[in-house]
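Reading through the structure tokens given below for one structure.
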Amino acid sequence: MSSRVDHFQTIPALIKILGDASVASGKNILDKKLRHLMDIRASQLNHCAFCLDMHVKEAKLHGERELRLYHVAIWRESPLFTAKEKAALALTEALTRIDNHGVSDAIYSELAEHFTQEEISALTFSIAIINAWNRLQILSRAEPGSLDSAYGLDRADLS
């Protein structure tokens with residue numbers, strides 16, 4: 001079998017645009033920890049090992065508690081997440097696994113209780129961006145942890 005495409009090599013201009021969008025999106029979400037939780041959940045749902053590995057390490061480096069990282073997969077049942085975080089995670093799931101009904105009124109109502117219209121838009125862009133990264137990394141079969149030293153993720157001490 002031939003090696004998979006390396007998007008960083010084949011289309012660096014588009015990768016830079018997506019990277020710039022990631023940075024800009026991150027500045028629009030008030031809480032970095034929330035962004036990490038959303039990135040982790042989308043990566044779990046998409047089975048993107050590279051991104052899941054990366055975002056768990058980033059979350060730990062930004063002060064996220066390990067037990068909460070373990071509970072992301074069971075966020076609905078876990079008492080460790082706030083109603084605001086649960087609303088963002090529900091949107092993450094709804095937009096990552098879009099069904100025939102889209103985003104329900106119940107999910108949107110819950111979002112509107114905790115976020116402004118601008119914040120909801122920022123959350124939506126963030127979810128769209130992590131889903132794009134997941135798809136790129138899944139196709140290329142990027143190896144989890146392969147860029148840890150380049151991104152300083154080896155400091156997370158999760159090897």
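In the structure tokens, the first chain shown is A, the next is B, and so on; residue numbers restart at 1 for each chain, and ligands run from 1 in the order shown.
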**OP:** Assign secondary structure with DSSP using the backbone only, and return the residues of segment 27-129 of chain A in alpha helix (DSSP H) as a VMD selection string.
**Re:** chain A and resid 27 to 28 32 to 46 49 to 61 66 to 71 83 to 96 105 to 114 117 to 129
Which residues are near Ser109 of chain A? Cut-off 12 Å, only C-alpha atoms, ignore same chain within fewer than 2 positions. Put them as a PDB file with N, CA, C and O atoms, in the first residue's frame.
```pdb
ATOM      1  N   LYS A  84     -23.691  25.223  30.848  1.00  0.00           N
ATOM      2  CA  LYS A  84     -23.148  25.944  29.689  1.00  0.00           C
ATOM      3  C   LYS A  84     -22.253  25.024  28.857  1.00  0.00           C
ATOM      4  O   LYS A  84     -22.356  24.977  27.629  1.00  0.00           O
ATOM      5  N   ALA A  87     -24.359  22.495  27.026  1.00  0.00           N
ATOM      6  CA  ALA A  87     -25.022  23.076  25.856  1.00  0.00           C
ATOM      7  C   ALA A  87     -24.065  23.111  24.668  1.00  0.00           C
ATOM      8  O   ALA A  87     -24.443  22.783  23.532  1.00  0.00           O
ATOM      9  N   ALA A  88     -22.812  23.494  24.913  1.00  0.00           N
ATOM     10  CA  ALA A  88     -21.810  23.535  23.839  1.00  0.00           C
ATOM     11  C   ALA A  88     -21.480  22.130  23.338  1.00  0.00           C
ATOM     12  O   ALA A  88     -21.298  21.924  22.127  1.00  0.00           O
ATOM     13  N   ALA A  90     -23.530  19.570  23.405  1.00  0.00           N
ATOM     14  CA  ALA A  90     -24.700  19.107  22.649  1.00  0.00           C
ATOM     15  C   ALA A  90     -24.660  19.666  21.230  1.00  0.00           C
ATOM     16  O   ALA A  90     -24.951  18.953  20.256  1.00  0.00           O
ATOM     17  N   LEU A  91     -24.284  20.936  21.092  1.00  0.00           N
ATOM     18  CA  LEU A  91     -24.148  21.521  19.752  1.00  0.00           C
ATOM     19  C   LEU A  91     -23.033  20.828  18.979  1.00  0.00           C
ATOM     20  O   LEU A  91     -23.187  20.539  17.784  1.00  0.00           O
ATOM     21  N   VAL A 103     -30.162  20.755  13.893  1.00  0.00           N
ATOM     22  CA  VAL A 103     -30.026  21.106  15.308  1.00  0.00           C
ATOM     23  C   VAL A 103     -31.429  21.366  15.849  1.00  0.00           C
ATOM     24  O   VAL A 103     -32.138  22.242  15.355  1.00  0.00           O
ATOM     25  N   SER A 104     -31.805  20.623  16.855  1.00  0.00           N
ATOM     26  CA  SER A 104     -33.160  20.713  17.400  1.00  0.00           C
ATOM     27  C   SER A 104     -33.397  22.064  18.077  1.00  0.00           C
ATOM     28  O   SER A 104     -32.459  22.744  18.505  1.00  0.00           O
ATOM     29  N   ASP A 105     -34.659  22.410  18.193  1.00  0.00           N
ATOM     30  CA  ASP A 105     -35.032  23.626  18.918  1.00  0.00           C
ATOM     31  C   ASP A 105     -34.614  23.534  20.383  1.00  0.00           C
ATOM     32  O   ASP A 105     -34.231  24.538  20.987  1.00  0.00           O
ATOM     33  N   ALA A 106     -34.667  22.335  20.950  1.00  0.00           N
ATOM     34  CA  ALA A 106     -34.274  22.160  22.350  1.00  0.00           C
ATOM     35  C   ALA A 106     -32.792  22.478  22.545  1.00  0.00           C
ATOM     36  O   ALA A 106     -32.421  23.167  23.505  1.00  0.00           O
ATOM     37  N   ILE A 107     -31.958  21.988  21.637  1.00  0.00           N
ATOM     38  CA  ILE A 107     -30.521  22.277  21.730  1.00  0.00           C
ATOM     39  C   ILE A 107     -30.282  23.774  21.553  1.00  0.00           C
ATOM     40  O   ILE A 107     -29.514  24.387  22.306  1.00  0.00           O
ATOM     41  N   LEU A 111     -28.672  26.518  24.193  1.00  0.00           N
ATOM     42  CA  LEU A 111     -27.539  27.379  23.816  1.00  0.00           C
ATOM     43  C   LEU A 111     -27.843  28.838  24.104  1.00  0.00           C
ATOM     44  O   LEU A 111     -27.008  29.563  24.656  1.00  0.00           O
ATOM     45  N   ALA A 112     -29.039  29.276  23.681  1.00  0.00           N
ATOM     46  CA  ALA A 112     -29.428  30.681  23.830  1.00  0.00           C
ATOM     47  C   ALA A 112     -29.512  31.112  25.288  1.00  0.00           C
ATOM     48  O   ALA A 112     -29.387  32.306  25.586  1.00  0.00           O
ATOM     49  N   GLU A 113     -29.695  30.162  26.194  1.00  0.00           N
ATOM     50  CA  GLU A 113     -29.706  30.491  27.620  1.00  0.00           C
ATOM     51  C   GLU A 113     -28.313  30.832  28.145  1.00  0.00           C
ATOM     52  O   GLU A 113     -28.175  31.522  29.155  1.00  0.00           O
ATOM     53  N   HIS A 114     -27.279  30.315  27.474  1.00  0.00           N
ATOM     54  CA  HIS A 114     -25.914  30.453  27.995  1.00  0.00           C
ATOM     55  C   HIS A 114     -24.977  31.274  27.116  1.00  0.00           C
ATOM     56  O   HIS A 114     -23.918  31.694  27.590  1.00  0.00           O
ATOM     57  N   PHE A 115     -25.331  31.465  25.856  1.00  0.00           N
ATOM     58  CA  PHE A 115     -24.440  32.132  24.909  1.00  0.00           C
ATOM     59  C   PHE A 115     -25.168  33.219  24.134  1.00  0.00           C
ATOM     60  O   PHE A 115     -26.360  33.093  23.845  1.00  0.00           O
ATOM     61  N   THR A 116     -24.429  34.262  23.769  1.00  0.00           N
ATOM     62  CA  THR A 116     -24.966  35.297  22.886  1.00  0.00           C
ATOM     63  C   THR A 116     -24.998  34.769  21.456  1.00  0.00           C
ATOM     64  O   THR A 116     -24.396  33.722  21.159  1.00  0.00           O
ATOM     65  N   GLN A 117     -25.656  35.496  20.580  1.00  0.00           N
ATOM     66  CA  GLN A 117     -25.685  35.110  19.166  1.00  0.00           C
ATOM     67  C   GLN A 117     -24.265  35.040  18.593  1.00  0.00           C
ATOM     68  O   GLN A 117     -23.939  34.116  17.855  1.00  0.00           O
ATOM     69  N   ILE A 120     -22.619  31.888  19.848  1.00  0.00           N
ATOM     70  CA  ILE A 120     -23.152  30.705  19.164  1.00  0.00           C
ATOM     71  C   ILE A 120     -22.530  30.583  17.780  1.00  0.00           C
ATOM     72  O   ILE A 120     -22.152  29.487  17.352  1.00  0.00           O
TER      73      ILE A 120
END
```
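Residues within 8 Å of Leu45 of chain A, counting only C-alpha atoms and excluding same-chain residues fewer than 6 positions away, are Glu93, Thr96 and Arg97 of chain A.
Among the candidate residues A:Leu14, A:Leu34, A:Leu139, A:Ala150, the one lying nearest to Gly63 of chain A is A:Leu34, with distances computed using only C-alpha atoms.
When only C-alpha atoms are used to compute distances to Ile74 of chain A, the closest of the residues A:Asp154, A:Val5, A:Lys86, A:Asp20 turns out to be A:Lys86.
Among A:Arg141, A:Leu69, A:His101, A:Asp39, the residue with the shortest atom-to-atom distance to Phe81 of chain A, counting only C-alpha atoms, is A:Leu69.
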Subject >> Polymer residues at most 12 Å from Ser149 of chain A, only C-alpha atoms, same-chain spacing of 6 or more positions, as a ChimeraX atom specification >> reply: /A:54,57,155-157,159
Write the residues of the preceding selection, restricted to N, CA, C and O atoms, as a PDB file, in the first residue's frame.
```pdb
ATOM      1  N   MET A  54      -4.038  15.057  20.365  1.00  0.00           N
ATOM      2  CA  MET A  54      -3.542  16.435  20.433  1.00  0.00           C
ATOM      3  C   MET A  54      -4.372  17.285  21.396  1.00  0.00           C
ATOM      4  O   MET A  54      -3.826  17.988  22.255  1.00  0.00           O
ATOM      5  N   LYS A  57      -4.029  16.549  25.151  1.00  0.00           N
ATOM      6  CA  LYS A  57      -2.765  17.093  25.670  1.00  0.00           C
ATOM      7  C   LYS A  57      -2.827  18.613  25.804  1.00  0.00           C
ATOM      8  O   LYS A  57      -2.377  19.176  26.808  1.00  0.00           O
ATOM      9  N   ARG A 155       5.122  18.263  26.852  1.00  0.00           N
ATOM     10  CA  ARG A 155       5.085  18.819  28.209  1.00  0.00           C
ATOM     11  C   ARG A 155       3.852  18.370  28.986  1.00  0.00           C
ATOM     12  O   ARG A 155       3.799  18.505  30.207  1.00  0.00           O
ATOM     13  N   ALA A 156       2.843  17.845  28.273  1.00  0.00           N
ATOM     14  CA  ALA A 156       1.616  17.403  28.960  1.00  0.00           C
ATOM     15  C   ALA A 156       1.872  16.160  29.804  1.00  0.00           C
ATOM     16  O   ALA A 156       1.087  15.835  30.684  1.00  0.00           O
ATOM     17  N   ASP A 157       2.980  15.485  29.538  1.00  0.00           N
ATOM     18  CA  ASP A 157       3.366  14.298  30.308  1.00  0.00           C
ATOM     19  C   ASP A 157       2.254  13.250  30.341  1.00  0.00           C
ATOM     20  O   ASP A 157       1.882  12.754  31.385  1.00  0.00           O
ATOM     21  N   SER A 159       2.358  10.586  27.980  1.00  0.00           N
ATOM     22  CA  SER A 159       2.788   9.502  27.091  1.00  0.00           C
ATOM     23  C   SER A 159       2.607   8.148  27.728  1.00  0.00           C
ATOM     24  O   SER A 159       2.356   7.972  28.855  1.00  0.00           O
TER      25      SER A 159
END
```
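Distances to Lys33 of chain A were evaluated for A:Ala59, A:Ile98, A:Leu89, A:Leu147 using only C-alpha atoms, and the minimum falls at A:Ala59.
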Subject >> Distance query His71 of chain A at most 12 Å, only C-alpha atoms, self and fewer than 2 positions along chain excluded, as a VMD selection string >> reply: chain A and resid 37 40 to 41 44 56 64 to 69 73 to 81 86
For those residues, write N, CA and C atoms to a file as an mmCIF file, in the first residue's frame.
```cif
data_model
loop_
_atom_site.group_PDB
_atom_site.id
_atom_site.type_symbol
_atom_site.label_atom_id
_atom_site.label_comp_id
_atom_site.auth_asym_id
_atom_site.auth_seq_id
_atom_site.Cartn_x
_atom_site.Cartn_y
_atom_site.Cartn_z
ATOM 1 N N LEU A 37 -12.716 20.953 25.129
ATOM 2 C CA LEU A 37 -13.747 19.932 25.353
ATOM 3 C C LEU A 37 -14.509 19.643 24.057
ATOM 4 N N ILE A 40 -12.254 17.770 21.622
ATOM 5 C CA ILE A 40 -12.117 16.374 22.063
ATOM 6 C C ILE A 40 -13.370 15.587 21.689
ATOM 7 N N ARG A 41 -14.547 16.160 21.966
ATOM 8 C CA ARG A 41 -15.783 15.411 21.688
ATOM 9 C C ARG A 41 -15.972 15.173 20.198
ATOM 10 N N GLN A 44 -13.597 12.473 19.157
ATOM 11 C CA GLN A 44 -14.081 11.156 19.592
ATOM 12 C C GLN A 44 -15.139 10.637 18.626
ATOM 13 N N VAL A 56 -6.475 16.448 23.840
ATOM 14 C CA VAL A 56 -6.399 16.039 25.240
ATOM 15 C C VAL A 56 -5.130 16.626 25.871
ATOM 16 N N GLU A 64 -6.846 21.905 32.265
ATOM 17 C CA GLU A 64 -8.036 21.061 32.417
ATOM 18 C C GLU A 64 -7.718 19.890 33.336
ATOM 19 N N ARG A 65 -8.672 19.550 34.199
ATOM 20 C CA ARG A 65 -8.506 18.422 35.111
ATOM 21 C C ARG A 65 -8.628 17.113 34.340
ATOM 22 N N GLU A 66 -7.764 16.158 34.669
ATOM 23 C CA GLU A 66 -7.759 14.880 33.959
ATOM 24 C C GLU A 66 -9.078 14.144 34.065
ATOM 25 N N LEU A 67 -9.725 14.169 35.218
ATOM 26 C CA LEU A 67 -10.976 13.441 35.358
ATOM 27 C C LEU A 67 -12.028 13.971 34.383
ATOM 28 N N ARG A 68 -12.059 15.284 34.181
ATOM 29 C CA ARG A 68 -13.005 15.843 33.207
ATOM 30 C C ARG A 68 -12.675 15.361 31.796
ATOM 31 N N LEU A 69 -11.414 15.205 31.485
ATOM 32 C CA LEU A 69 -11.025 14.684 30.163
ATOM 33 C C LEU A 69 -11.550 13.264 29.983
ATOM 34 N N ALA A 73 -16.531 11.705 27.131
ATOM 35 C CA ALA A 73 -17.339 10.715 26.409
ATOM 36 C C ALA A 73 -18.704 10.488 27.075
ATOM 37 N N ILE A 74 -18.809 10.801 28.354
ATOM 38 C CA ILE A 74 -20.070 10.604 29.088
ATOM 39 C C ILE A 74 -20.583 11.925 29.649
ATOM 40 N N TRP A 75 -20.370 13.007 28.939
ATOM 41 C CA TRP A 75 -20.668 14.344 29.444
ATOM 42 C C TRP A 75 -22.112 14.518 29.904
ATOM 43 N N ARG A 76 -23.057 13.861 29.271
ATOM 44 C CA ARG A 76 -24.469 14.017 29.663
ATOM 45 C C ARG A 76 -24.708 13.510 31.089
ATOM 46 N N GLU A 77 -24.086 12.410 31.428
ATOM 47 C CA GLU A 77 -24.282 11.783 32.738
ATOM 48 C C GLU A 77 -23.350 12.344 33.807
ATOM 49 N N SER A 78 -22.286 12.980 33.391
ATOM 50 C CA SER A 78 -21.263 13.436 34.330
ATOM 51 C C SER A 78 -21.682 14.705 35.072
ATOM 52 N N PRO A 79 -21.437 14.736 36.382
ATOM 53 C CA PRO A 79 -21.713 15.952 37.148
ATOM 54 C C PRO A 79 -20.574 16.974 37.050
ATOM 55 N N LEU A 80 -19.536 16.647 36.275
ATOM 56 C CA LEU A 80 -18.346 17.496 36.231
ATOM 57 C C LEU A 80 -18.444 18.671 35.259
ATOM 58 N N PHE A 81 -19.528 18.737 34.478
ATOM 59 C CA PHE A 81 -19.661 19.790 33.475
ATOM 60 C C PHE A 81 -20.823 20.707 33.828
ATOM 61 N N LYS A 86 -22.357 21.772 28.818
ATOM 62 C CA LYS A 86 -23.202 20.729 28.239
ATOM 63 C C LYS A 86 -23.947 21.248 27.010
#
```
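Nearest residue to Phe8 of chain A, choosing from A:Ala21, A:Leu52, A:Val72, A:Ala142 and counting only C-alpha atoms: A:Ala142.
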**OP:** Measuring atom to atom with only C-alpha atoms, identify which of A:Ser121, A:His55, A:Ile15, A:Trp133 is nearest to Gly145 of chain A.
**Re:** A:His55
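Near Val23 of chain A, within a cut-off of 12 Å and counting only C-alpha atoms, sit the residues A:Lys16, A:Ile17, A:Leu18, A:Gly19, A:Asp20, A:Ala21, A:Ser25, A:Gly26, A:Lys27, A:Asn28, A:Ile29, A:Lys32, A:Arg35, A:Ala122, A:Phe125, A:Ser126, A:Ile129, A:Ile130, with same-chain residues fewer than 2 positions away left out.
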Residue subset to file, keeping C-alpha atoms, as a tab-separated table (two decimals), in the first residue's frame:
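Generated file (out.tsv):
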```
chain	number	residue	atom	x	y	z
A	16	LYS	CA	-2.38	27.74	6.39
A	17	ILE	CA	-5.86	29.18	5.78
A	18	LEU	CA	-7.45	26.48	7.94
A	19	GLY	CA	-4.78	27.04	10.59
A	20	ASP	CA	-5.43	30.79	10.54
A	21	ALA	CA	-9.18	30.09	10.83
A	25	SER	CA	-11.94	30.93	15.96
A	26	GLY	CA	-10.09	30.22	19.19
A	27	LYS	CA	-9.93	33.93	19.93
A	28	ASN	CA	-13.72	34.19	19.62
A	29	ILE	CA	-14.49	31.59	22.26
A	32	LYS	CA	-10.05	27.82	25.97
A	35	ARG	CA	-12.91	24.81	23.06
A	122	ALA	CA	-18.17	31.34	17.16
A	125	PHE	CA	-17.28	27.94	13.37
A	126	SER	CA	-15.12	26.15	15.94
A	129	ILE	CA	-13.10	23.75	11.85
A	130	ILE	CA	-12.38	20.75	14.11
```
Original post:
Which distance in Å separates atom CA of Asp31 of chain A and atom CA of Ile138 of chain A, to one decimal?
Top reply: 26.9 Å
